[in-house]
Amino acid sequence: MTLPFQKLPFLVMQNILQIMGFLDLFLLSCTSAKTKRIVKNAFTTRNHILLVGVGEALALKIVSGYDENYGEQIFLCSEEIHAEKEFHVNIGTVDTVPANYSEEQDDGTLILFTYWSDPKIGFNVIHEAIFEVFGATVNEVSIDVAGVPAKIHQKEIEWLENKLPTLPSFAISGRCSFQDYIWLLKNVRTKNVVFFSMEPTEYSENNEIVNLEMEDVTITHGKWMKIHDIEAIKARNICLKDISLTDNEINVFLKNLGAFKEKSNMKELTLTFYRQADPEIVFEGLDVINEVQIKPVDSHNQWSFELANGEKCTVIYVEYDNDESDDLIFGFEIQIGN
Amino acid sequence: MSVENAPVVDVDEAAIPVEKKMYYRFESNDKKEFRVSELAIQQSETLNRLVEAMGYTSEDVENKPAIAIENIDGKTLKLVFQWCEHHKGEAIPVDDGSVPKIVEIPEFDAKLMDIDNGLLFKLIWAADYLNIVQLLNVSCKKVANMAQGKTPAQLRRVYLLPSDEEDEAAKRAAQEAQDPRAREVEEEFEERKRQGGNSFF
C-alpha cells in the first residue's frame with residue numbers, strides 16, 4: 001500500500017505532517033534532504049520544547065508547544081546494551097544509527113531507542129537534528145540520580161551544564177546519599193529555575209554553607225536545613241518543603257529578615273512542614289499587623305510587618321493538600337515588597 | 001455521452017426529505033451525474049460559493065445542464081458527495097493551530113475510506129480542490145496514520161519518497177530537459193577528460 005506523498009499539494013502535505021506524531025515526523029525528516037525541508041517548512045510556528053532526561057540512559061522528549069501533556073521520547077543508549085536493533089536511521093551527519101521502537105506506551109505513543117558508541121555524541125547529533133526540524137530548544141533538564149553511581153551523575157551534570165549554559169530549568173530527583181545530595185546542591189550552576197527534588201537516604205549534620213544563587217529554587221526535602229542554610233540562598237523565589245525548623249527558629253529567621261537593612265532580592269519564600277505552627281511563637285517580638293480580613297481565601301491567616309529596609313513583609317499561614325499521605329502539611333508564605 | 005443519457009447516481013436516497021429542498025446536479029469528468037442536497041454542498045466551500053454565484057432556482061437545476069466538475073472522476077466524486085450528505089449540517093472545523101492536530105476518524109468515514117491508496121490519493125486531491133475541510137482532515141489523518149511506528153526504509157516505501165540520489169538525478173534530468181545544450185556541454189567535458197585534458201578551456 002503506497003501513496004505518493006510528495007505528489008500531494010503542499011498545503012495537504014502540511015496538513016498531514018501537522019497531524020503526525022513527533023517521532024514519525026522525525027524519522028520522516030531522516031529519509032532525505034528534500035523530505036526534511038518539507039517537514040521543516042510545515043512548522044511555521046516553532047514553539048515546541050525539548051526536555052532532557054538523565055537516568056540510566058539519556059533521553060530527549062519533544063513536547064508540544066500547544067499541549068504540554070503531549071510529548072514523544074527518544075532514548076540514547078550505549079551500543080553495548082544488548083537489544084534487538086531493528087533498523088538503521090541516518091540522523092544529521094551520522095549515517096546508519098542502530099535503532100528500535102519500544103512497545104506502545106499507555107498514552108499510545110512509542111519510544112524510539114537509538115544506540116551510540118558515545119551517547120553524549122548522540123545527544124549532540126539528535127539535539128541539532130530536532131532543533132533543525134522542529135525549532136525546539138531545551139527547556140528543562142531533569143536528572144534522576146537514583147540507582148546511578150554518584151561519580152557518573154556528577155560528570156553528567158557538569159557535561160550538561162557546559163553543553164546548555166543558559167538552561168531555563170533544571171530538576172533533580174531520586175534518592176542519593178547525603179554527601180551526594182550536598183554535592184548536587186553545591187555544583188548545579190544553572191541560574192534560572194532549579195528543582196532539587198532528590199531525597200537523601202539519611203540526614204547527616206551539614207557543616208558546609210551551601211550558597212545557592214539562582215532565580216527560582218525549590219528544595220523538596222529540606223529537613224536538614226538550619227536558619228543559616230536558608231539565609232545563604234540568594235534567589236527571587238524560594239520554596240523549601242519538609243523543613244524541620246521549630247516555631248522559635250522561624251521566629252529567629254523572621255527577626256533576622258526584619259533587621260536586614262539592604263533591599264532584598266528575595267520576593268517570595270515558602271516554608272512547609274508536617275505540623276501545625278503556633279503564630280504566637282512565630283511572631284513573638286515582631287511588630288506584626290493581623291490582616292485576617294484581606295487574607296487569601298484558601299489560607300488560615302495573614303500578618304505583615306515592616307523590614308528595616310522599609311519594605312513590607314507579608315506572612316500567610318496556609319494548609320496545603322497532601323496527595324501522597326494523610327499527614328497534614330502547613331506552611332508560611334513570606335512575601336517581600338508592597 | 002449526452003447529459004440525458006448519463007447515469008444518475010443517487011448518493012443517499014434515504015436522505016431525500018419529503019419536503020421540497022433544492023438538489024443540485026453535478027457531473028464528473030467521466031460524465032457521471034450526481035444530485036446533491038443544498039445542505040450537503042455547504043460542506044464544500046468551493047461548491048457552495050459556486051452555486052451561490054450561479055443563483056439557480058429549482059427549475060434552473062432541472063432544466064440547465066449539470067454543473068461540470070472537470071478534474072474529478074465519478075468514483076471519487078461519489079465518495080465526496082456520500083461524505084458531504086452524511087455530514088451535512090455539521091459545523092466546519094476551524095484550525096486552532098495546535099500541533100499535533102487532533103483529528104478523530106468517525107466510523108462512517110473509516111468505512112468510506114476503506115479504499116485502495118490510489119483512490120484515497122484522488123479523494124484527498126478532491127477534498128483539497130473542493131475545499132472540504134473536515135474530509136481533508138480525516139483523509140490526511142488516514143495518511144498520517146500510515147507513518148505510525150514505521151522505520152525510515154518503510155516510510156520511503158509507503159510514501160514513495162525518493163532518496164537524495166534519486167532527487168539529485170531527477171533535478172539534473174529536469175535541468176537538462178530545460179536546456180538540452182547543458183547535456184552536450186557535459187558530454188563534451190567528459191570526452192575532454194577522457195582525452196587527458198584537465199581544463200575545459
# chains A, B, ... in the order shown; residues from 1 in each chain; ligands from 1
>>> closest_atom_pairs(of="chain B", to="chain A", cutoff="8 Å", atoms="only C-alpha atoms", output="CSV")
residue,atom,partner,partner_atom,distance
B:Ser98,CA,A:Tyr66,CA,5.6
B:Val99,CA,A:Gln18,CA,5.8
B:Pro100,CA,A:Ile19,CA,5.0
B:Lys101,CA,A:Ile19,CA,4.7
B:Ile102,CA,A:Ile19,CA,6.7
B:Val103,CA,A:Ile19,CA,7.3
B:Asp116,CA,A:Met1,CA,7.6
B:Asn117,CA,A:Leu3,CA,5.9
B:Gly118,CA,A:Leu3,CA,7.0
B:Phe121,CA,A:Leu3,CA,6.8
B:Ile124,CA,A:Val12,CA,8.0
B:Trp125,CA,A:Leu8,CA,7.3
B:Asp128,CA,A:Val12,CA,7.2
B:Leu136,CA,A:Val12,CA,7.9
B:Asn137,CA,A:Asn15,CA,7.4
B:Cys140,CA,A:Ile16,CA,4.9
B:Lys141,CA,A:Ile19,CA,6.3
B:Val143,CA,A:Ile16,CA,6.8
B:Ala144,CA,A:Met20,CA,5.3
B:Asn145,CA,A:Met20,CA,7.2
B:Ala147,CA,A:Asp24,CA,6.0
B:Gln148,CA,A:Asp24,CA,6.1
B:Gly149,CA,A:Asp24,CA,6.8
B:Lys150,CA,A:Asp24,CA,7.3
B:Thr151,CA,A:Phe87,CA,6.7
B:Pro152,CA,A:Thr31,CA,5.7
B:Ala153,CA,A:Thr31,CA,7.6
B:Leu155,CA,A:Leu28,CA,6.7
B:Arg156,CA,A:Thr31,CA,6.8
B:Arg157,CA,A:Thr2,CA,6.8
B:Val158,CA,A:Thr2,CA,4.5
B:Tyr159,CA,A:Leu3,CA,5.0
B:Leu160,CA,A:Pro4,CA,5.1
B:Leu161,CA,A:Gln6,CA,7.1
B:Pro162,CA,A:Ser32,CA,7.5
B:Ser163,CA,A:Ser32,CA,5.6
B:Asp164,CA,A:Ser32,CA,5.4
B:Asp167,CA,A:Lys34,CA,7.7
>>> write_last_selection(atoms="N, CA and C atoms", output="compact mmCIF listing (two decimals), in the first residue's frame")
# COMPACT_ATOMS: atom_id res chain seq x y z
N SER B 98 -3.18 24.04 16.71
CA SER B 98 -2.48 23.12 17.61
C SER B 98 -1.71 22.05 16.83
N VAL B 99 -0.59 21.67 17.39
CA VAL B 99 0.27 20.65 16.76
C VAL B 99 0.73 19.69 17.84
N PRO B 100 0.57 18.37 17.68
CA PRO B 100 -0.10 17.73 16.56
C PRO B 100 -1.60 18.05 16.57
N LYS B 101 -2.12 18.16 15.37
CA LYS B 101 -3.54 18.46 15.20
C LYS B 101 -4.34 17.22 15.60
N ILE B 102 -5.34 17.41 16.44
CA ILE B 102 -6.15 16.27 16.89
C ILE B 102 -7.28 16.05 15.89
N VAL B 103 -7.26 14.90 15.23
CA VAL B 103 -8.32 14.56 14.27
C VAL B 103 -8.78 13.14 14.58
N ASP B 116 -8.53 1.61 -1.80
CA ASP B 116 -7.10 1.49 -2.11
C ASP B 116 -6.45 2.88 -2.09
N ASN B 117 -5.14 2.89 -1.95
CA ASN B 117 -4.45 4.17 -1.79
C ASN B 117 -4.52 5.07 -3.01
N GLY B 118 -4.71 4.44 -4.20
CA GLY B 118 -4.86 5.24 -5.42
C GLY B 118 -6.11 6.09 -5.33
N PHE B 121 -5.75 8.77 -2.64
CA PHE B 121 -4.96 9.88 -3.18
C PHE B 121 -5.89 10.84 -3.95
N ILE B 124 -8.20 12.77 -1.60
CA ILE B 124 -7.52 13.89 -0.93
C ILE B 124 -7.43 15.10 -1.87
N TRP B 125 -7.04 14.80 -3.10
CA TRP B 125 -6.96 15.89 -4.11
C TRP B 125 -8.33 16.56 -4.26
N ASP B 128 -9.27 18.64 -1.26
CA ASP B 128 -8.49 19.88 -1.28
C ASP B 128 -9.04 20.85 -2.33
N LEU B 136 -10.90 16.64 4.23
CA LEU B 136 -9.45 16.73 4.06
C LEU B 136 -8.74 16.31 5.35
N ASN B 137 -9.26 16.76 6.48
CA ASN B 137 -8.66 16.41 7.76
C ASN B 137 -8.64 14.90 7.99
N CYS B 140 -6.36 13.14 5.54
CA CYS B 140 -4.96 13.40 5.90
C CYS B 140 -4.57 12.58 7.13
N LYS B 141 -5.52 12.43 8.05
CA LYS B 141 -5.25 11.63 9.26
C LYS B 141 -4.97 10.18 8.85
N VAL B 143 -3.67 9.18 6.08
CA VAL B 143 -2.31 9.13 5.51
C VAL B 143 -1.26 9.26 6.62
N ALA B 144 -1.53 10.13 7.59
CA ALA B 144 -0.59 10.31 8.71
C ALA B 144 -0.45 9.01 9.49
N ASN B 145 -1.56 8.30 9.66
CA ASN B 145 -1.53 7.04 10.40
C ASN B 145 -0.64 5.99 9.74
N ALA B 147 2.20 6.35 8.79
CA ALA B 147 3.60 6.52 9.21
C ALA B 147 3.86 5.94 10.60
N GLN B 148 2.80 5.66 11.33
CA GLN B 148 2.95 5.27 12.74
C GLN B 148 3.85 4.06 12.92
N GLY B 149 4.92 4.29 13.68
CA GLY B 149 5.82 3.19 14.05
C GLY B 149 6.62 2.62 12.89
N LYS B 150 6.71 3.35 11.78
CA LYS B 150 7.45 2.84 10.62
C LYS B 150 8.93 3.23 10.72
N THR B 151 9.76 2.40 10.13
CA THR B 151 11.19 2.71 10.05
C THR B 151 11.39 3.64 8.85
N PRO B 152 12.55 4.31 8.77
CA PRO B 152 12.78 5.19 7.62
C PRO B 152 12.64 4.45 6.27
N ALA B 153 13.12 3.21 6.23
CA ALA B 153 13.02 2.44 4.97
C ALA B 153 11.55 2.17 4.63
N LEU B 155 9.03 4.00 5.62
CA LEU B 155 8.42 5.29 5.26
C LEU B 155 8.69 5.62 3.79
N ARG B 156 9.94 5.33 3.35
CA ARG B 156 10.28 5.57 1.94
C ARG B 156 9.37 4.77 1.02
N ARG B 157 9.14 3.51 1.41
CA ARG B 157 8.29 2.64 0.57
C ARG B 157 6.83 3.09 0.61
N VAL B 158 6.32 3.35 1.80
CA VAL B 158 4.88 3.69 1.93
C VAL B 158 4.57 5.00 1.21
N TYR B 159 5.41 5.99 1.39
CA TYR B 159 5.14 7.30 0.80
C TYR B 159 5.87 7.54 -0.53
N LEU B 160 6.49 6.50 -1.05
CA LEU B 160 7.24 6.60 -2.31
C LEU B 160 8.19 7.79 -2.30
N LEU B 161 8.98 7.87 -1.25
CA LEU B 161 9.90 9.01 -1.09
C LEU B 161 11.21 8.72 -1.81
N PRO B 162 11.62 9.58 -2.73
CA PRO B 162 12.90 9.36 -3.39
C PRO B 162 14.07 9.59 -2.43
N SER B 163 15.16 8.87 -2.67
CA SER B 163 16.37 9.10 -1.88
C SER B 163 17.04 10.39 -2.36
N ASP B 164 18.07 10.83 -1.64
CA ASP B 164 18.80 12.04 -2.05
C ASP B 164 19.34 11.87 -3.47
N ASP B 167 16.56 12.15 -5.95
CA ASP B 167 16.16 13.56 -6.07
C ASP B 167 17.16 14.34 -6.93
>>> residues_around(residues="B:Phe108", least_positions_apart="6", cutoff="12 Å", atoms="only C-alpha atoms", output="list in words")
Leu79, Gln82, Trp83, Cys84, Glu85, His86, His87, Asp114, Leu135 and Val138 of chain B
>>> residues_around(residues="stretch 302-309 of chain A", least_positions_apart="4", cutoff="6 Å", atoms="only C-alpha atoms", output="list in words")
Gly258, Ala259, Phe260, Lys261, Glu262, Val288, Ile289, Asn290, Glu291, Val292, Lys295, Cys313, Thr314, Val315 and Ile316 of chain A
>>> select_by_dssp(residues="stretch 44-136 of chain A", states="alpha helix (DSSP H)", output="PyMOL selection string")
chain A and resi 119-134
>>> select_by_dssp(residues="stretch 15-117 of chain B", states="strand (DSSP E or B)", output="list in words")
Tyr23, Tyr24, Arg25, Phe26, Glu27, Glu33, Phe34, Arg35, Val36, Ser37, Ile67 and Ala68 of chain B
>>> residues_around(residues="B:Arg35", least_positions_apart="2", cutoff="7 Å", atoms="only C-alpha atoms", output="PyMOL selection string")
chain B and resi 10+23-26+33+37
>>> residues_around(residues="stretch 321-327 of chain A", least_positions_apart="5", cutoff="12 Å", atoms="only C-alpha atoms", output="number ranges by chain")
A: 242, 272-276, 298-299
>>> write_last_selection(atoms="N, CA, C and O atoms", output="JSON list (two decimals), in the first residue's frame")
[["chain", "number", "residue", "atom", "x", "y", "z"],
["A", 242, "ASP", "N", 9.14, 20.44, 53.61],
["A", 242, "ASP", "CA", 9.51, 19.46, 54.62],
["A", 242, "ASP", "C", 10.69, 19.95, 55.48],
["A", 242, "ASP", "O", 11.65, 19.22, 55.71],
["A", 272, "THR", "N", 7.39, 24.88, 54.17],
["A", 272, "THR", "CA", 6.31, 23.96, 54.54],
["A", 272, "THR", "C", 6.83, 22.89, 55.50],
["A", 272, "THR", "O", 8.02, 22.56, 55.49],
["A", 273, "PHE", "N", 5.91, 22.38, 56.32],
["A", 273, "PHE", "CA", 6.30, 21.39, 57.35],
["A", 273, "PHE", "C", 5.08, 20.54, 57.70],
["A", 273, "PHE", "O", 3.93, 20.95, 57.46],
["A", 274, "TYR", "N", 5.35, 19.38, 58.27],
["A", 274, "TYR", "CA", 4.28, 18.44, 58.61],
["A", 274, "TYR", "C", 3.82, 18.63, 60.06],
["A", 274, "TYR", "O", 3.91, 17.72, 60.87],
["A", 275, "ARG", "N", 3.38, 19.81, 60.40],
["A", 275, "ARG", "CA", 2.88, 20.08, 61.76],
["A", 275, "ARG", "C", 2.13, 21.39, 61.71],
["A", 275, "ARG", "O", 2.27, 22.16, 60.75],
["A", 276, "GLN", "N", 1.38, 21.65, 62.75],
["A", 276, "GLN", "CA", 0.74, 22.96, 62.83],
["A", 276, "GLN", "C", 1.71, 23.94, 63.48],
["A", 276, "GLN", "O", 2.54, 23.53, 64.30],
["A", 298, "ASP", "N", -8.06, 30.76, 50.53],
["A", 298, "ASP", "CA", -7.72, 29.41, 50.96],
["A", 298, "ASP", "C", -6.63, 29.37, 52.03],
["A", 298, "ASP", "O", -5.99, 28.35, 52.24],
["A", 299, "SER", "N", -6.42, 30.46, 52.72],
["A", 299, "SER", "CA", -5.37, 30.47, 53.76],
["A", 299, "SER", "C", -6.00, 30.58, 55.15],
["A", 299, "SER", "O", -7.18, 30.91, 55.28]]
>>> closest_residue(among="A:Leu254, A:Glu202, A:Glu56, A:Asn211", to="A:Ile227", atoms="only C-alpha atoms")
A:Leu254
>>> atom_distance(atom1="atom CA of A:Asn265", atom2="atom CA of A:Ala232")
12.4 Å
>>> atom_distance(atom1="atom CA of A:Ala146", atom2="atom CA of A:Ala57")
12.1 Å
>>> residues_around(residues="stretch 50-56 of chain B", least_positions_apart="3", cutoff="12 Å", atoms="only C-alpha atoms", output="list in words")
Met22, Tyr23, Tyr24, Arg25, Phe26, Val36, Ser37, Glu38, Leu39, Ile41, Gln42, Ser44, Glu45, Thr46, Leu47, Glu59, Asp60, Val61, Glu62, Asn63, Lys64, Pro65, Ala66, Ile67, Ala68, Ile69, Leu130 and Asn131 of chain B
>>> write_last_selection(atoms="N, CA and C atoms", output="short mmCIF file (atom, residue, chain, number, x, y, z; two decimals), in the first residue's frame")
data_model
loop_
_atom_site.label_atom_id
_atom_site.label_comp_id
_atom_site.auth_asym_id
_atom_site.auth_seq_id
_atom_site.Cartn_x
_atom_site.Cartn_y
_atom_site.Cartn_z
N MET B 22 -33.81 21.96 -2.30
CA MET B 22 -33.06 22.09 -3.55
C MET B 22 -31.97 21.02 -3.63
N TYR B 23 -31.93 20.34 -4.74
CA TYR B 23 -30.87 19.37 -5.02
C TYR B 23 -30.14 19.82 -6.29
N TYR B 24 -28.86 19.99 -6.20
CA TYR B 24 -28.06 20.43 -7.34
C TYR B 24 -27.56 19.21 -8.10
N ARG B 25 -27.34 19.41 -9.38
CA ARG B 25 -26.81 18.32 -10.21
C ARG B 25 -25.36 18.64 -10.58
N PHE B 26 -24.50 17.66 -10.36
CA PHE B 26 -23.08 17.82 -10.71
C PHE B 26 -22.67 16.68 -11.63
N VAL B 36 -27.12 16.38 -5.41
CA VAL B 36 -26.59 16.62 -4.06
C VAL B 36 -27.41 17.72 -3.39
N SER B 37 -27.75 17.49 -2.12
CA SER B 37 -28.60 18.46 -1.42
C SER B 37 -27.83 19.76 -1.15
N GLU B 38 -28.61 20.81 -1.05
CA GLU B 38 -28.04 22.14 -0.82
C GLU B 38 -27.23 22.16 0.49
N LEU B 39 -27.77 21.47 1.50
CA LEU B 39 -27.11 21.45 2.81
C LEU B 39 -25.78 20.69 2.74
N ILE B 41 -23.90 20.45 0.15
CA ILE B 41 -22.95 21.26 -0.63
C ILE B 41 -22.22 22.26 0.26
N GLN B 42 -22.89 22.66 1.36
CA GLN B 42 -22.26 23.65 2.25
C GLN B 42 -20.96 23.13 2.89
N SER B 44 -18.63 21.94 1.22
CA SER B 44 -17.56 22.30 0.28
C SER B 44 -17.60 23.81 0.04
N GLU B 45 -16.54 24.48 0.48
CA GLU B 45 -16.51 25.93 0.31
C GLU B 45 -16.53 26.30 -1.18
N THR B 46 -15.83 25.51 -1.98
CA THR B 46 -15.73 25.80 -3.41
C THR B 46 -17.11 25.68 -4.09
N LEU B 47 -17.79 24.54 -3.85
CA LEU B 47 -19.08 24.33 -4.50
C LEU B 47 -20.13 25.28 -3.94
N GLU B 59 -36.06 25.27 -10.82
CA GLU B 59 -36.29 24.99 -12.25
C GLU B 59 -34.97 24.97 -13.01
N ASP B 60 -34.11 25.95 -12.68
CA ASP B 60 -32.79 26.01 -13.34
C ASP B 60 -32.04 24.70 -13.14
N VAL B 61 -32.12 24.20 -11.90
CA VAL B 61 -31.38 22.98 -11.57
C VAL B 61 -31.83 21.84 -12.48
N GLU B 62 -33.14 21.77 -12.72
CA GLU B 62 -33.66 20.68 -13.55
C GLU B 62 -33.43 20.93 -15.04
N ASN B 63 -33.55 22.18 -15.45
CA ASN B 63 -33.53 22.47 -16.88
C ASN B 63 -32.14 22.74 -17.45
N LYS B 64 -31.27 23.28 -16.62
CA LYS B 64 -29.93 23.60 -17.14
C LYS B 64 -29.02 22.38 -17.01
N PRO B 65 -27.93 22.35 -17.78
CA PRO B 65 -27.02 21.20 -17.69
C PRO B 65 -26.44 21.08 -16.27
N ALA B 66 -26.07 19.85 -15.90
CA ALA B 66 -25.44 19.63 -14.59
C ALA B 66 -24.13 20.42 -14.52
N ILE B 67 -23.79 20.83 -13.31
CA ILE B 67 -22.54 21.61 -13.15
C ILE B 67 -21.35 20.65 -13.29
N ALA B 68 -20.49 20.98 -14.22
CA ALA B 68 -19.36 20.07 -14.51
C ALA B 68 -18.21 20.28 -13.53
N ILE B 69 -17.73 19.18 -12.98
CA ILE B 69 -16.51 19.23 -12.15
C ILE B 69 -15.47 18.45 -12.96
N LEU B 130 -12.04 20.91 -3.69
CA LEU B 130 -13.39 21.38 -3.37
C LEU B 130 -13.46 22.07 -2.01
N ASN B 131 -12.30 22.14 -1.34
CA ASN B 131 -12.17 22.80 -0.04
C ASN B 131 -13.20 22.26 0.96
#
>>> atom_distance(atom1="atom CA of A:Gln105", atom2="atom CA of A:Phe170")
25.5 Å
>>> decode(residues="stretch 161-190 of chain B", atoms="N, CA and C atoms", output="short mmCIF file (atom, residue, chain, number, x, y, z; two decimals), in the first residue's frame")
data_model
loop_
_atom_site.label_atom_id
_atom_site.label_comp_id
_atom_site.auth_asym_id
_atom_site.auth_seq_id
_atom_site.Cartn_x
_atom_site.Cartn_y
_atom_site.Cartn_z
N LEU B 161 8.98 7.87 -1.25
CA LEU B 161 9.90 9.01 -1.09
C LEU B 161 11.21 8.72 -1.81
N PRO B 162 11.62 9.58 -2.73
CA PRO B 162 12.90 9.36 -3.39
C PRO B 162 14.07 9.59 -2.43
N SER B 163 15.16 8.87 -2.67
CA SER B 163 16.37 9.10 -1.88
C SER B 163 17.04 10.39 -2.36
N ASP B 164 18.07 10.83 -1.64
CA ASP B 164 18.80 12.04 -2.05
C ASP B 164 19.34 11.87 -3.47
N GLU B 165 19.87 10.66 -3.76
CA GLU B 165 20.45 10.39 -5.08
C GLU B 165 19.37 10.49 -6.17
N GLU B 166 18.22 9.92 -5.87
CA GLU B 166 17.12 9.97 -6.85
C GLU B 166 16.63 11.40 -7.06
N ASP B 167 16.56 12.15 -5.95
CA ASP B 167 16.16 13.56 -6.07
C ASP B 167 17.16 14.34 -6.93
N GLU B 168 18.45 14.03 -6.70
CA GLU B 168 19.51 14.71 -7.46
C GLU B 168 19.41 14.38 -8.94
N ALA B 169 19.20 13.10 -9.23
CA ALA B 169 19.09 12.65 -10.62
C ALA B 169 17.88 13.31 -11.30
N ALA B 170 16.76 13.38 -10.55
CA ALA B 170 15.55 13.99 -11.12
C ALA B 170 15.78 15.48 -11.39
N LYS B 171 16.53 16.11 -10.48
CA LYS B 171 16.82 17.53 -10.64
C LYS B 171 17.68 17.76 -11.89
N ARG B 172 18.69 16.89 -12.05
CA ARG B 172 19.56 17.00 -13.24
C ARG B 172 18.76 16.80 -14.51
N ALA B 173 17.90 15.78 -14.47
CA ALA B 173 17.09 15.48 -15.66
C ALA B 173 16.19 16.66 -16.00
N ALA B 174 15.63 17.29 -14.98
CA ALA B 174 14.74 18.43 -15.21
C ALA B 174 15.51 19.59 -15.81
N GLN B 175 16.75 19.79 -15.29
CA GLN B 175 17.58 20.89 -15.81
C GLN B 175 17.95 20.64 -17.26
N GLU B 176 18.29 19.38 -17.56
CA GLU B 176 18.68 19.03 -18.92
C GLU B 176 17.51 19.15 -19.88
N ALA B 177 16.33 18.80 -19.38
CA ALA B 177 15.14 18.90 -20.23
C ALA B 177 14.87 20.36 -20.57
N GLN B 178 15.20 21.23 -19.61
CA GLN B 178 15.02 22.66 -19.84
C GLN B 178 16.07 23.19 -20.81
N ASP B 179 17.30 22.68 -20.72
CA ASP B 179 18.42 23.21 -21.50
C ASP B 179 19.19 22.04 -22.14
N PRO B 180 18.82 21.64 -23.35
CA PRO B 180 19.47 20.49 -23.98
C PRO B 180 20.97 20.71 -24.19
N ARG B 181 21.37 21.97 -24.31
CA ARG B 181 22.79 22.31 -24.53
C ARG B 181 23.64 21.86 -23.32
N ALA B 182 23.00 21.89 -22.11
CA ALA B 182 23.73 21.52 -20.89
C ALA B 182 24.26 20.10 -20.99
N ARG B 183 23.44 19.21 -21.55
CA ARG B 183 23.85 17.81 -21.69
C ARG B 183 25.04 17.69 -22.66
N GLU B 184 24.95 18.45 -23.77
CA GLU B 184 26.04 18.43 -24.76
C GLU B 184 27.34 18.91 -24.12
N VAL B 185 27.21 19.99 -23.32
CA VAL B 185 28.41 20.55 -22.67
C VAL B 185 29.02 19.52 -21.73
N GLU B 186 28.14 18.85 -21.00
CA GLU B 186 28.62 17.86 -20.03
C GLU B 186 29.32 16.72 -20.75
N GLU B 187 28.73 16.26 -21.85
CA GLU B 187 29.32 15.15 -22.63
C GLU B 187 30.68 15.56 -23.20
N GLU B 188 30.73 16.83 -23.68
CA GLU B 188 31.97 17.34 -24.25
C GLU B 188 33.06 17.38 -23.17
N PHE B 189 32.64 17.81 -21.97
CA PHE B 189 33.56 17.90 -20.84
C PHE B 189 34.09 16.51 -20.47
N GLU B 190 33.19 15.54 -20.42
CA GLU B 190 33.58 14.17 -20.10
C GLU B 190 34.55 13.63 -21.13
#
